[in-house]
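Content type PDB, C-alpha atoms, from the file run_8.pdb:
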ATOM      1  CA  MET J 163     -15.588 -10.382  13.609  1.00  0.00           C
ATOM      2  CA  VAL J 164     -12.338 -12.344  13.443  1.00  0.00           C
ATOM      3  CA  GLU J 165     -12.562 -16.046  12.588  1.00  0.00           C
ATOM      4  CA  LEU J 166      -9.954 -18.270  14.212  1.00  0.00           C
ATOM      5  CA  LYS J 167      -8.933 -20.988  11.783  1.00  0.00           C
ATOM      6  CA  THR J 168      -8.471 -24.598  12.842  1.00  0.00           C
ATOM      7  CA  ASP J 169      -5.184 -26.346  12.119  1.00  0.00           C
ATOM      8  CA  VAL J 170      -6.966 -28.244   9.331  1.00  0.00           C
ATOM      9  CA  SER J 171      -8.148 -24.970   7.820  1.00  0.00           C
ATOM     10  CA  ILE J 172      -4.635 -23.529   7.984  1.00  0.00           C
ATOM     11  CA  GLU J 173      -3.370 -26.541   6.028  1.00  0.00           C
ATOM     12  CA  ALA J 174      -6.064 -25.929   3.414  1.00  0.00           C
ATOM     13  CA  MET J 175      -5.010 -22.285   3.180  1.00  0.00           C
ATOM     14  CA  TYR J 176      -1.422 -23.446   2.735  1.00  0.00           C
ATOM     15  CA  GLU J 177      -2.489 -25.502  -0.282  1.00  0.00           C
ATOM     16  CA  ALA J 178      -4.150 -22.437  -1.810  1.00  0.00           C
ATOM     17  CA  GLY J 179      -0.999 -20.480  -1.011  1.00  0.00           C
ATOM     18  CA  GLN J 180       1.176 -22.935  -2.895  1.00  0.00           C
ATOM     19  CA  VAL J 181      -0.927 -22.571  -6.034  1.00  0.00           C
ATOM     20  CA  LEU J 182      -0.617 -18.827  -5.646  1.00  0.00           C
ATOM     21  CA  GLY J 183       3.146 -19.133  -5.273  1.00  0.00           C
ATOM     22  CA  GLN J 184       3.275 -21.036  -8.554  1.00  0.00           C
ATOM     23  CA  ALA J 185       1.245 -18.321 -10.267  1.00  0.00           C
ATOM     24  CA  LEU J 186       3.449 -15.486  -9.021  1.00  0.00           C
ATOM     25  CA  THR J 187       6.603 -17.370  -9.916  1.00  0.00           C
ATOM     26  CA  ALA J 188       5.289 -18.017 -13.433  1.00  0.00           C
ATOM     27  CA  VAL J 189       4.310 -14.370 -13.898  1.00  0.00           C
ATOM     28  CA  ARG J 190       7.674 -13.117 -12.708  1.00  0.00           C
ATOM     29  CA  LYS J 191       9.471 -15.536 -15.038  1.00  0.00           C
ATOM     30  CA  ALA J 192       7.347 -14.398 -17.985  1.00  0.00           C
ATOM     31  CA  ALA J 193       7.788 -10.681 -17.274  1.00  0.00           C
ATOM     32  CA  ASP J 194      10.281  -9.243 -19.736  1.00  0.00           C
ATOM     33  CA  VAL J 195      10.752  -6.244 -21.968  1.00  0.00           C
ATOM     34  CA  GLY J 196       8.016  -6.273 -24.600  1.00  0.00           C
ATOM     35  CA  VAL J 197       5.595  -8.502 -22.688  1.00  0.00           C
ATOM     36  CA  SER J 198       2.169  -6.970 -22.052  1.00  0.00           C
ATOM     37  CA  LEU J 199       0.399  -6.848 -18.721  1.00  0.00           C
ATOM     38  CA  LEU J 200      -2.527  -8.704 -20.295  1.00  0.00           C
ATOM     39  CA  GLU J 201      -0.158 -11.514 -21.247  1.00  0.00           C
ATOM     40  CA  LEU J 202       1.029 -11.722 -17.631  1.00  0.00           C
ATOM     41  CA  ASP J 203      -2.582 -11.938 -16.484  1.00  0.00           C
ATOM     42  CA  GLU J 204      -3.116 -14.858 -18.848  1.00  0.00           C
ATOM     43  CA  VAL J 205      -0.063 -16.628 -17.400  1.00  0.00           C
ATOM     44  CA  ALA J 206      -1.594 -16.422 -13.925  1.00  0.00           C
ATOM     45  CA  ARG J 207      -5.003 -17.530 -15.205  1.00  0.00           C
ATOM     46  CA  GLU J 208      -3.470 -20.653 -16.724  1.00  0.00           C
ATOM     47  CA  VAL J 209      -1.700 -21.631 -13.484  1.00  0.00           C
ATOM     48  CA  LEU J 210      -4.908 -21.221 -11.486  1.00  0.00           C
ATOM     49  CA  ARG J 211      -6.901 -23.110 -14.108  1.00  0.00           C
ATOM     50  CA  ALA J 212      -4.460 -26.027 -14.176  1.00  0.00           C
ATOM     51  CA  ALA J 213      -4.588 -26.333 -10.379  1.00  0.00           C
ATOM     52  CA  GLY J 214      -8.390 -26.248 -10.229  1.00  0.00           C
ATOM     53  CA  ALA J 215      -8.263 -22.927  -8.383  1.00  0.00           C
ATOM     54  CA  SER J 216     -10.238 -19.753  -8.971  1.00  0.00           C
ATOM     55  CA  SER J 217      -9.414 -16.077  -8.580  1.00  0.00           C
ATOM     56  CA  PRO J 218     -10.838 -13.994  -5.723  1.00  0.00           C
ATOM     57  CA  PHE J 219      -9.741 -10.893  -7.674  1.00  0.00           C
ATOM     58  CA  LEU J 220     -11.763 -11.530 -10.834  1.00  0.00           C
ATOM     59  CA  GLY J 221     -15.112  -9.782 -10.545  1.00  0.00           C
ATOM     60  CA  TYR J 222     -14.325  -8.397  -7.081  1.00  0.00           C
ATOM     61  CA  ARG J 223     -16.211  -5.185  -6.378  1.00  0.00           C
ATOM     62  CA  PRO J 224     -15.740  -3.531  -2.978  1.00  0.00           C
ATOM     63  CA  SER J 225     -17.746  -0.492  -1.950  1.00  0.00           C
ATOM     64  CA  PHE J 226     -15.219   2.006  -3.352  1.00  0.00           C
ATOM     65  CA  ALA J 227     -15.146   0.475  -6.846  1.00  0.00           C
ATOM     66  CA  THR J 228     -17.395   1.690  -9.648  1.00  0.00           C
ATOM     67  CA  THR J 229     -16.773  -1.481 -11.679  1.00  0.00           C
ATOM     68  CA  PRO J 230     -15.787  -5.079 -10.846  1.00  0.00           C
ATOM     69  CA  PHE J 231     -12.101  -5.892 -11.125  1.00  0.00           C
ATOM     70  CA  PRO J 232     -11.553  -7.451 -14.579  1.00  0.00           C
ATOM     71  CA  ALA J 233      -8.434  -9.589 -14.051  1.00  0.00           C
ATOM     72  CA  VAL J 234      -6.797 -12.220 -11.835  1.00  0.00           C
ATOM     73  CA  ILE J 235      -3.725 -10.104 -11.077  1.00  0.00           C
ATOM     74  CA  CYS J 236      -3.167  -6.500 -10.110  1.00  0.00           C
ATOM     75  CA  ALA J 237      -0.281  -5.239 -12.248  1.00  0.00           C
ATOM     76  CA  SER J 238       1.088  -1.936 -10.927  1.00  0.00           C
ATOM     77  CA  VAL J 239       3.966  -0.362 -12.875  1.00  0.00           C
ATOM     78  CA  ASN J 240       6.343   2.408 -11.755  1.00  0.00           C
ATOM     79  CA  ASP J 241       4.227   5.133 -10.071  1.00  0.00           C
ATOM     80  CA  ALA J 242       1.272   2.780  -9.569  1.00  0.00           C
ATOM     81  CA  ILE J 243       1.218   1.626  -5.951  1.00  0.00           C
ATOM     82  CA  VAL J 244      -1.488  -1.062  -5.975  1.00  0.00           C
ATOM     83  CA  HIS J 245      -4.647  -2.229  -7.783  1.00  0.00           C
ATOM     84  CA  GLY J 246      -3.302  -1.697 -11.302  1.00  0.00           C
ATOM     85  CA  ILE J 247      -5.559  -3.167 -13.992  1.00  0.00           C
ATOM     86  CA  PRO J 248      -3.662  -5.250 -16.572  1.00  0.00           C
ATOM     87  CA  THR J 249      -3.719  -3.532 -19.961  1.00  0.00           C
ATOM     88  CA  ALA J 250      -2.021  -3.858 -23.332  1.00  0.00           C
ATOM     89  CA  TYR J 251       0.924  -1.844 -21.963  1.00  0.00           C
ATOM     90  CA  ARG J 252       4.176  -3.609 -22.860  1.00  0.00           C
ATOM     91  CA  LEU J 253       6.935  -3.645 -20.264  1.00  0.00           C
ATOM     92  CA  ARG J 254       9.943  -1.443 -20.908  1.00  0.00           C
ATOM     93  CA  ASP J 255      13.552  -1.698 -19.855  1.00  0.00           C
ATOM     94  CA  GLY J 256      13.883  -0.542 -16.251  1.00  0.00           C
ATOM     95  CA  ASP J 257      10.199  -0.767 -15.307  1.00  0.00           C
ATOM     96  CA  LEU J 258       9.382  -1.439 -11.658  1.00  0.00           C
ATOM     97  CA  VAL J 259       6.499  -3.923 -11.466  1.00  0.00           C
ATOM     98  CA  SER J 260       4.310  -5.036  -8.572  1.00  0.00           C
ATOM     99  CA  ILE J 261       2.121  -8.093  -9.097  1.00  0.00           C
ATOM    100  CA  ASP J 262      -0.626  -8.892  -6.587  1.00  0.00           C
ATOM    101  CA  CYS J 263      -2.541 -12.143  -6.975  1.00  0.00           C
ATOM    102  CA  GLY J 264      -4.970 -14.361  -5.112  1.00  0.00           C
ATOM    103  CA  ALA J 265      -5.987 -18.001  -5.335  1.00  0.00           C
ATOM    104  CA  GLU J 266      -9.082 -19.734  -3.983  1.00  0.00           C
ATOM    105  CA  LEU J 267      -8.887 -23.500  -3.612  1.00  0.00           C
ATOM    106  CA  ASP J 268     -11.498 -25.696  -1.910  1.00  0.00           C
ATOM    107  CA  GLY J 269     -13.083 -22.636  -0.354  1.00  0.00           C
ATOM    108  CA  TRP J 270      -9.912 -21.119   1.117  1.00  0.00           C
ATOM    109  CA  VAL J 271      -8.011 -18.063  -0.114  1.00  0.00           C
ATOM    110  CA  GLY J 272      -4.372 -17.037  -0.331  1.00  0.00           C
ATOM    111  CA  ASP J 273      -3.238 -13.476  -1.101  1.00  0.00           C
ATOM    112  CA  SER J 274       0.319 -12.450  -1.984  1.00  0.00           C
ATOM    113  CA  ALA J 275       2.305  -9.852  -3.923  1.00  0.00           C
ATOM    114  CA  VAL J 276       5.808  -9.386  -5.272  1.00  0.00           C
ATOM    115  CA  SER J 277       7.739  -6.427  -6.701  1.00  0.00           C
ATOM    116  CA  PHE J 278      10.620  -6.655  -9.172  1.00  0.00           C
ATOM    117  CA  THR J 279      12.357  -4.788 -11.969  1.00  0.00           C
ATOM    118  CA  VAL J 280      12.400  -5.664 -15.662  1.00  0.00           C
ATOM    119  CA  GLY J 281      15.578  -5.370 -17.691  1.00  0.00           C
ATOM    120  CA  ARG J 282      18.322  -3.155 -16.275  1.00  0.00           C
ATOM    121  CA  PRO J 283      17.302  -2.123 -12.749  1.00  0.00           C
ATOM    122  CA  ARG J 284      17.753   1.331 -11.315  1.00  0.00           C
ATOM    123  CA  PRO J 285      19.754   1.177  -8.054  1.00  0.00           C
ATOM    124  CA  GLU J 286      17.079   3.214  -6.289  1.00  0.00           C
ATOM    125  CA  ASP J 287      14.417   0.694  -7.352  1.00  0.00           C
ATOM    126  CA  VAL J 288      16.506  -2.209  -6.066  1.00  0.00           C
ATOM    127  CA  ARG J 289      16.805  -0.463  -2.705  1.00  0.00           C
ATOM    128  CA  LEU J 290      13.067   0.272  -2.634  1.00  0.00           C
ATOM    129  CA  VAL J 291      12.134  -3.372  -3.272  1.00  0.00           C
ATOM    130  CA  GLU J 292      14.701  -4.663  -0.788  1.00  0.00           C
ATOM    131  CA  THR J 293      13.338  -2.335   1.865  1.00  0.00           C
ATOM    132  CA  ALA J 294       9.777  -3.464   1.155  1.00  0.00           C
ATOM    133  CA  GLU J 295      10.870  -7.060   1.633  1.00  0.00           C
ATOM    134  CA  ARG J 296      12.630  -6.167   4.902  1.00  0.00           C
ATOM    135  CA  ALA J 297       9.489  -4.421   6.106  1.00  0.00           C
ATOM    136  CA  LEU J 298       7.444  -7.519   5.265  1.00  0.00           C
ATOM    137  CA  ALA J 299       9.911  -9.746   7.125  1.00  0.00           C
ATOM    138  CA  ALA J 300       9.742  -7.431  10.152  1.00  0.00           C
ATOM    139  CA  GLY J 301       5.955  -7.524  10.129  1.00  0.00           C
ATOM    140  CA  ILE J 302       5.931 -11.303   9.916  1.00  0.00           C
ATOM    141  CA  ALA J 303       8.443 -11.578  12.774  1.00  0.00           C
ATOM    142  CA  ALA J 304       6.073  -9.517  14.937  1.00  0.00           C
ATOM    143  CA  ALA J 305       3.086 -11.749  14.086  1.00  0.00           C
ATOM    144  CA  VAL J 306       3.317 -13.910  17.203  1.00  0.00           C
ATOM    145  CA  VAL J 307       0.824 -14.979  19.835  1.00  0.00           C
ATOM    146  CA  GLY J 308       0.780 -12.410  22.631  1.00  0.00           C
ATOM    147  CA  ASN J 309       1.608  -9.446  20.399  1.00  0.00           C
ATOM    148  CA  ARG J 310      -1.017  -7.105  18.977  1.00  0.00           C
ATOM    149  CA  ILE J 311      -1.928  -5.782  15.545  1.00  0.00           C
ATOM    150  CA  GLY J 312      -0.115  -2.571  16.441  1.00  0.00           C
ATOM    151  CA  ASP J 313       3.128  -4.502  16.867  1.00  0.00           C
ATOM    152  CA  ILE J 314       2.923  -5.692  13.254  1.00  0.00           C
ATOM    153  CA  ALA J 315       2.027  -2.203  12.027  1.00  0.00           C
ATOM    154  CA  HIS J 316       4.861  -0.629  14.005  1.00  0.00           C
ATOM    155  CA  ALA J 317       7.412  -3.158  12.734  1.00  0.00           C
ATOM    156  CA  VAL J 318       6.446  -2.535   9.097  1.00  0.00           C
ATOM    157  CA  GLY J 319       6.244   1.225   9.430  1.00  0.00           C
ATOM    158  CA  ARG J 320       9.528   1.554  11.283  1.00  0.00           C
ATOM    159  CA  VAL J 321      11.496  -0.122   8.483  1.00  0.00           C
ATOM    160  CA  CYS J 322       9.783   2.038   5.856  1.00  0.00           C
ATOM    161  CA  ARG J 323      10.216   5.340   7.665  1.00  0.00           C
ATOM    162  CA  GLN J 324      13.811   4.729   8.749  1.00  0.00           C
ATOM    163  CA  ALA J 325      14.690   4.144   5.094  1.00  0.00           C
ATOM    164  CA  GLY J 326      13.038   7.429   4.144  1.00  0.00           C
ATOM    165  CA  TYR J 327      10.023   6.073   2.266  1.00  0.00           C
ATOM    166  CA  GLY J 328       6.405   7.155   2.212  1.00  0.00           C
ATOM    167  CA  ILE J 329       3.437   5.013   3.223  1.00  0.00           C
ATOM    168  CA  PRO J 330       0.012   5.457   1.556  1.00  0.00           C
ATOM    169  CA  GLN J 331      -2.355   6.005   4.454  1.00  0.00           C
ATOM    170  CA  GLY J 332      -5.625   4.079   4.575  1.00  0.00           C
ATOM    171  CA  PHE J 333      -4.334   1.016   2.738  1.00  0.00           C
ATOM    172  CA  GLY J 334      -2.670  -2.008   4.300  1.00  0.00           C
ATOM    173  CA  GLY J 335      -3.128  -5.636   5.218  1.00  0.00           C
ATOM    174  CA  HIS J 336      -6.169  -7.531   6.407  1.00  0.00           C
ATOM    175  CA  GLY J 337      -7.531 -10.814   7.633  1.00  0.00           C
ATOM    176  CA  VAL J 338      -7.960 -13.561   5.060  1.00  0.00           C
ATOM    177  CA  GLY J 339      -9.597 -16.984   5.011  1.00  0.00           C
ATOM    178  CA  ARG J 340     -12.791 -17.987   3.268  1.00  0.00           C
ATOM    179  CA  ARG J 341     -12.892 -14.491   1.818  1.00  0.00           C
ATOM    180  CA  MET J 342     -10.069 -12.365   0.477  1.00  0.00           C
ATOM    181  CA  HIS J 343     -10.762  -9.500   2.864  1.00  0.00           C
ATOM    182  CA  GLU J 344     -11.761 -10.295   6.426  1.00  0.00           C
ATOM    183  CA  ASP J 345     -11.294  -8.644   9.793  1.00  0.00           C
ATOM    184  CA  PRO J 346      -9.015  -7.332  11.196  1.00  0.00           C
ATOM    185  CA  GLU J 347      -7.336  -4.514   9.313  1.00  0.00           C
ATOM    186  CA  VAL J 348      -3.518  -4.586   9.508  1.00  0.00           C
ATOM    187  CA  PRO J 349      -2.127  -1.063   8.977  1.00  0.00           C
ATOM    188  CA  ASN J 350       1.392  -0.433   7.697  1.00  0.00           C
ATOM    189  CA  GLU J 351       2.098   2.029  10.478  1.00  0.00           C
ATOM    190  CA  GLY J 352       1.023   2.114  14.106  1.00  0.00           C
ATOM    191  CA  ARG J 353       1.868   2.073  17.791  1.00  0.00           C
ATOM    192  CA  PRO J 354       3.280  -1.076  19.405  1.00  0.00           C
ATOM    193  CA  GLY J 355       1.199  -2.736  22.098  1.00  0.00           C
ATOM    194  CA  ARG J 356      -2.059  -1.390  20.682  1.00  0.00           C
ATOM    195  CA  GLY J 357      -4.913  -3.031  18.854  1.00  0.00           C
ATOM    196  CA  MET J 358      -6.315  -6.542  18.771  1.00  0.00           C
ATOM    197  CA  PRO J 359      -4.314  -9.304  20.499  1.00  0.00           C
ATOM    198  CA  LEU J 360      -2.881 -11.950  18.173  1.00  0.00           C
ATOM    199  CA  ARG J 361      -4.169 -15.472  18.777  1.00  0.00           C
ATOM    200  CA  HIS J 362      -3.457 -18.927  17.419  1.00  0.00           C
ATOM    201  CA  GLY J 363      -5.592 -19.468  14.328  1.00  0.00           C
ATOM    202  CA  MET J 364      -5.661 -15.913  13.013  1.00  0.00           C
ATOM    203  CA  ALA J 365      -4.683 -15.575   9.341  1.00  0.00           C
ATOM    204  CA  LEU J 366      -3.451 -12.205   8.119  1.00  0.00           C
ATOM    205  CA  ALA J 367      -2.300 -10.715   4.841  1.00  0.00           C
ATOM    206  CA  ILE J 368       0.648  -8.464   5.702  1.00  0.00           C
ATOM    207  CA  GLU J 369       1.460  -6.107   2.827  1.00  0.00           C
ATOM    208  CA  PRO J 370       3.869  -3.171   3.003  1.00  0.00           C
ATOM    209  CA  MET J 371       3.395  -0.464   0.363  1.00  0.00           C
ATOM    210  CA  LEU J 372       6.281   1.988  -0.045  1.00  0.00           C
ATOM    211  CA  ILE J 373       6.522   5.284  -1.954  1.00  0.00           C
ATOM    212  CA  GLY J 374      10.040   6.061  -3.136  1.00  0.00           C
ATOM    213  CA  SER J 375      10.017   9.845  -2.652  1.00  0.00           C
ATOM    214  CA  GLY J 376       9.240   9.659   1.062  1.00  0.00           C
ATOM    215  CA  ARG J 377       5.932  11.470   0.598  1.00  0.00           C
ATOM    216  CA  ASP J 378       2.627   9.794   1.419  1.00  0.00           C
ATOM    217  CA  GLY J 379       0.370  11.380  -1.194  1.00  0.00           C
ATOM    218  CA  TYR J 380      -1.538   9.250  -3.691  1.00  0.00           C
ATOM    219  CA  HIS J 381      -4.646   9.455  -5.832  1.00  0.00           C
ATOM    220  CA  GLU J 382      -7.037   7.143  -7.633  1.00  0.00           C
ATOM    221  CA  ALA J 383      -6.548   6.903 -11.401  1.00  0.00           C
ATOM    222  CA  PRO J 384      -9.483   7.428 -13.806  1.00  0.00           C
ATOM    223  CA  ASP J 385      -9.935   3.647 -14.132  1.00  0.00           C
ATOM    224  CA  GLY J 386     -11.413   3.676 -10.618  1.00  0.00           C
ATOM    225  CA  TRP J 387      -8.921   1.144  -9.292  1.00  0.00           C
ATOM    226  CA  THR J 388      -5.244   2.038  -9.704  1.00  0.00           C
ATOM    227  CA  LEU J 389      -3.655   4.074  -6.919  1.00  0.00           C
ATOM    228  CA  ARG J 390      -0.799   6.291  -8.133  1.00  0.00           C
ATOM    229  CA  THR J 391       1.715   8.434  -6.277  1.00  0.00           C
ATOM    230  CA  ASP J 392       0.896  12.136  -6.367  1.00  0.00           C
ATOM    231  CA  ASP J 393       4.463  13.134  -7.237  1.00  0.00           C
ATOM    232  CA  GLY J 394       5.076  10.461  -9.885  1.00  0.00           C
ATOM    233  CA  SER J 395       7.668   8.651  -7.782  1.00  0.00           C
ATOM    234  CA  ARG J 396       7.919   4.889  -7.936  1.00  0.00           C
ATOM    235  CA  ALA J 397       6.335   2.469  -5.494  1.00  0.00           C
ATOM    236  CA  ALA J 398       6.737  -1.119  -4.322  1.00  0.00           C
ATOM    237  CA  HIS J 399       4.265  -3.585  -2.811  1.00  0.00           C
ATOM    238  CA  VAL J 400       4.980  -7.001  -1.296  1.00  0.00           C
ATOM    239  CA  GLU J 401       2.677  -9.340   0.618  1.00  0.00           C
ATOM    240  CA  HIS J 402       2.314 -12.740   2.248  1.00  0.00           C
ATOM    241  CA  THR J 403      -0.576 -14.538   3.896  1.00  0.00           C
ATOM    242  CA  VAL J 404       0.573 -15.531   7.383  1.00  0.00           C
ATOM    243  CA  ALA J 405      -1.023 -17.793  10.001  1.00  0.00           C
ATOM    244  CA  ILE J 406      -0.563 -16.912  13.673  1.00  0.00           C
ATOM    245  CA  THR J 407       0.287 -20.141  15.511  1.00  0.00           C
ATOM    246  CA  ASP J 408       1.527 -21.124  18.945  1.00  0.00           C
ATOM    247  CA  ALA J 409       4.717 -22.282  17.201  1.00  0.00           C
ATOM    248  CA  GLY J 410       5.278 -18.891  15.583  1.00  0.00           C
ATOM    249  CA  PRO J 411       4.203 -17.215  12.328  1.00  0.00           C
ATOM    250  CA  ARG J 412       3.694 -19.541   9.364  1.00  0.00           C
ATOM    251  CA  ILE J 413       3.938 -18.080   5.867  1.00  0.00           C
ATOM    252  CA  LEU J 414       1.165 -19.770   3.878  1.00  0.00           C
ATOM    253  CA  THR J 415       2.153 -18.211   0.551  1.00  0.00           C
ATOM    254  CA  ALA J 416       5.900 -18.871   0.776  1.00  0.00           C
ATOM    255  CA  ARG J 417       7.440 -19.465  -2.635  1.00  0.00           C
ATOM    256  CA  THR J 418       9.669 -22.498  -2.289  1.00  0.00           C
ATOM    257  CA  PRO J 419      12.707 -23.066  -4.569  1.00  0.00           C
ATOM    258  CA  GLY J 420      11.413 -23.957  -8.002  1.00  0.00           C
ATOM    259  CA  ASN J 421       7.969 -22.571  -7.139  1.00  0.00           C
TER     260      ASN J 421
END

Please go through the file and, once you have read it, give me the structure as structure tokens.
Amino acid sequence: MVELKTDVSIEAMYEAGQVLGQALTAVRKAADVGVSLLELDEVAREVLRAAGASSPFLGYRPSFATTPFPAVICASVNDAIVHGIPTAYRLRDGDLVSIDCGAELDGWVGDSAVSFTVGRPRPEDVRLVETAERALAAGIAAAVVGNRIGDIAHAVGRVCRQAGYGIPQGFGGHGVGRRMHEDPEVPNEGRPGRGMPLRHGMALAIEPMLIGSGRDGYHEAPDGWTLRTDDGSRAAHVEHTVAITDAGPRILTARTPGN
């Protein structure tokens, strides 16, 4: 069942999204060669704590997970696509990092992710991240009243495929609101004009996931959470929480200058 949010609720989700933007900005600023993923998780924890927000990631245990998630960020490095558990691993020059984070404030949730390189970037990683961001922008542009879920999926998938990248099947975006994962599912590939109609008050997490080699294969790591590419190629993941409104899509997790 899809819950349509009131305008007041959308404003509350925006406030949660701004806290989340601060957390992601702080993590990205702190990420450098020699910094551990656990240290980045602590940076995000401190931002949430200072804002009076909590983490919808910490302790989260969906049906596929054998253990609850132990952190407030997912930190996925190089061949890790999503759901990476922060560890003592220290970032190295040239690493490609994806950070996914959530914030819950006054009962409303924001969900967002960013990918970036540490140290000297590889040109192919820069292109991968830029394409992921273009795919996200295309998906957001399609998130308008009168379109359908398939229009978002098609917009995202078209950018990814035209650039020659793979898409991990079975993972994508979702509704978001009082819980981190709500209906509907928002695939990263699909047919335009198909699926649920988009209506004012829907709130969706749109999140392209790209595999650099162009192949779609992935597997679950032994930790029960991290998804890694089958061929060891690098991956990127970006995400925003977006409200569908009569005035057009509104990015609730937009990171403003200085945030």

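For the atom pair formed by CA of Ala265 in chain J and CA of Phe219 in chain J, the distance is 8.4 Å, given to one decimal.
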
Practice prompt. Have a look at J:His402, J:His245, J:Arg320, J:Arg377 and name the one nearest to His336 in chain J; count only C-alpha atoms.
Written response: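 Answer, going by the shortest atom-to-atom distance: J:His402.
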
Item to complete: Carefully work through the PyMOL selection byres ((chain J and resi 176-184) around 6) for this structure and note down the residues it includes, as a count of residues only.
Response: 13

Worksheet entry | Ground truth for the PyMOL selection byres ((chain J and resi 276) around 12), written as an MDAnalysis selection string | chainID J and resid 182:183 185:190 235:239 243:244 258:264 273:275 277:279 291:292 294:295 298 369:371 397:402 415:417

With 6 Å of padding per side, what axis-aligned box (centre and edge lengths, Å, one decimal) covers all the listed atoms of range 200-207 of chain J? Give it as lines of an AutoDock Vina configuration file.
center_x = -2.0
center_y = -13.1
center_z = -17.6
size_x = 18.0
size_y = 20.8
size_z = 19.3

Worksheet item: Mind pulling up the distance from CA of Pro283 in chain J to CA of Leu372 in chain J?
Response: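 Answer for the CA of Leu372 in chain J to CA of Pro283 in chain J separation: 17.3 Å.
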
Worksheet item: Evaluating the PyMOL selection byres ((chain J and resi 194) around 8) on the displayed file yields which residues, as number ranges by chain?
Response: J: 191-193, 195-197, 253-254, 280-281

Please, could you write that set of residues out with C-alpha atoms as a short mmCIF file (atom, residue, chain, number, x, y, z; two decimals), in the coordinates of the input?
data_model
loop_
_atom_site.label_atom_id
_atom_site.label_comp_id
_atom_site.auth_asym_id
_atom_site.auth_seq_id
_atom_site.Cartn_x
_atom_site.Cartn_y
_atom_site.Cartn_z
CA LYS J 191 9.47 -15.54 -15.04
CA ALA J 192 7.35 -14.40 -17.98
CA ALA J 193 7.79 -10.68 -17.27
CA VAL J 195 10.75 -6.24 -21.97
CA GLY J 196 8.02 -6.27 -24.60
CA VAL J 197 5.60 -8.50 -22.69
CA LEU J 253 6.94 -3.64 -20.26
CA ARG J 254 9.94 -1.44 -20.91
CA VAL J 280 12.40 -5.66 -15.66
CA GLY J 281 15.58 -5.37 -17.69
#

Worksheet item: Leaving out Arg356 in chain J and any residue of its chain fewer than 4 positions from it, which residues lie within 10 Å of it when counting all atoms listed in the file, given as a list in words?
Response: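 In the requested format, the answer is Asn309, Arg310, Ile311, Gly312, Asp313, Ile314, Ala315, His316 and Gly352 of chain J.
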
Please save C-alpha atoms of the selected residues as a PDB file, keeping the file's coordinate frame.
ATOM      1  CA  ASN J 309       1.608  -9.446  20.399  1.00  0.00           C
ATOM      2  CA  ARG J 310      -1.017  -7.105  18.977  1.00  0.00           C
ATOM      3  CA  ILE J 311      -1.928  -5.782  15.545  1.00  0.00           C
ATOM      4  CA  GLY J 312      -0.115  -2.571  16.441  1.00  0.00           C
ATOM      5  CA  ASP J 313       3.128  -4.502  16.867  1.00  0.00           C
ATOM      6  CA  ILE J 314       2.923  -5.692  13.254  1.00  0.00           C
ATOM      7  CA  ALA J 315       2.027  -2.203  12.027  1.00  0.00           C
ATOM      8  CA  HIS J 316       4.861  -0.629  14.005  1.00  0.00           C
ATOM      9  CA  GLY J 352       1.023   2.114  14.106  1.00  0.00           C
TER      10      GLY J 352
END

Practice prompt. Write out as number ranges by chain each polymer residue whose atoms come within 12 Å of Ala405 in chain J, counting only C-alpha atoms; drop sequence neighbours fewer than 3 positions from it.
Written response: J: 165-169, 171-176, 179, 272, 302-307, 337-339, 360-368, 402, 408-416

Residue subset to file, keeping C-alpha atoms, as an mmCIF file, in the frame of the given file:
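So out_18.cif came out as:
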data_model
loop_
_atom_site.group_PDB
_atom_site.id
_atom_site.type_symbol
_atom_site.label_atom_id
_atom_site.label_comp_id
_atom_site.auth_asym_id
_atom_site.auth_seq_id
_atom_site.Cartn_x
_atom_site.Cartn_y
_atom_site.Cartn_z
ATOM 1 C CA GLU J 165 -12.562 -16.046 12.588
ATOM 2 C CA LEU J 166 -9.954 -18.270 14.212
ATOM 3 C CA LYS J 167 -8.933 -20.988 11.783
ATOM 4 C CA THR J 168 -8.471 -24.598 12.842
ATOM 5 C CA ASP J 169 -5.184 -26.346 12.119
ATOM 6 C CA SER J 171 -8.148 -24.970 7.820
ATOM 7 C CA ILE J 172 -4.635 -23.529 7.984
ATOM 8 C CA GLU J 173 -3.370 -26.541 6.028
ATOM 9 C CA ALA J 174 -6.064 -25.929 3.414
ATOM 10 C CA MET J 175 -5.010 -22.285 3.180
ATOM 11 C CA TYR J 176 -1.422 -23.446 2.735
ATOM 12 C CA GLY J 179 -0.999 -20.480 -1.011
ATOM 13 C CA GLY J 272 -4.372 -17.037 -0.331
ATOM 14 C CA ILE J 302 5.931 -11.303 9.916
ATOM 15 C CA ALA J 303 8.443 -11.578 12.774
ATOM 16 C CA ALA J 304 6.073 -9.517 14.937
ATOM 17 C CA ALA J 305 3.086 -11.749 14.086
ATOM 18 C CA VAL J 306 3.317 -13.910 17.203
ATOM 19 C CA VAL J 307 0.824 -14.979 19.835
ATOM 20 C CA GLY J 337 -7.531 -10.814 7.633
ATOM 21 C CA VAL J 338 -7.960 -13.561 5.060
ATOM 22 C CA GLY J 339 -9.597 -16.984 5.011
ATOM 23 C CA LEU J 360 -2.881 -11.950 18.173
ATOM 24 C CA ARG J 361 -4.169 -15.472 18.777
ATOM 25 C CA HIS J 362 -3.457 -18.927 17.419
ATOM 26 C CA GLY J 363 -5.592 -19.468 14.328
ATOM 27 C CA MET J 364 -5.661 -15.913 13.013
ATOM 28 C CA ALA J 365 -4.683 -15.575 9.341
ATOM 29 C CA LEU J 366 -3.451 -12.205 8.119
ATOM 30 C CA ALA J 367 -2.300 -10.715 4.841
ATOM 31 C CA ILE J 368 0.648 -8.464 5.702
ATOM 32 C CA HIS J 402 2.314 -12.740 2.248
ATOM 33 C CA ASP J 408 1.527 -21.124 18.945
ATOM 34 C CA ALA J 409 4.717 -22.282 17.201
ATOM 35 C CA GLY J 410 5.278 -18.891 15.583
ATOM 36 C CA PRO J 411 4.203 -17.215 12.328
ATOM 37 C CA ARG J 412 3.694 -19.541 9.364
ATOM 38 C CA ILE J 413 3.938 -18.080 5.867
ATOM 39 C CA LEU J 414 1.165 -19.770 3.878
ATOM 40 C CA THR J 415 2.153 -18.211 0.551
ATOM 41 C CA ALA J 416 5.900 -18.871 0.776
#
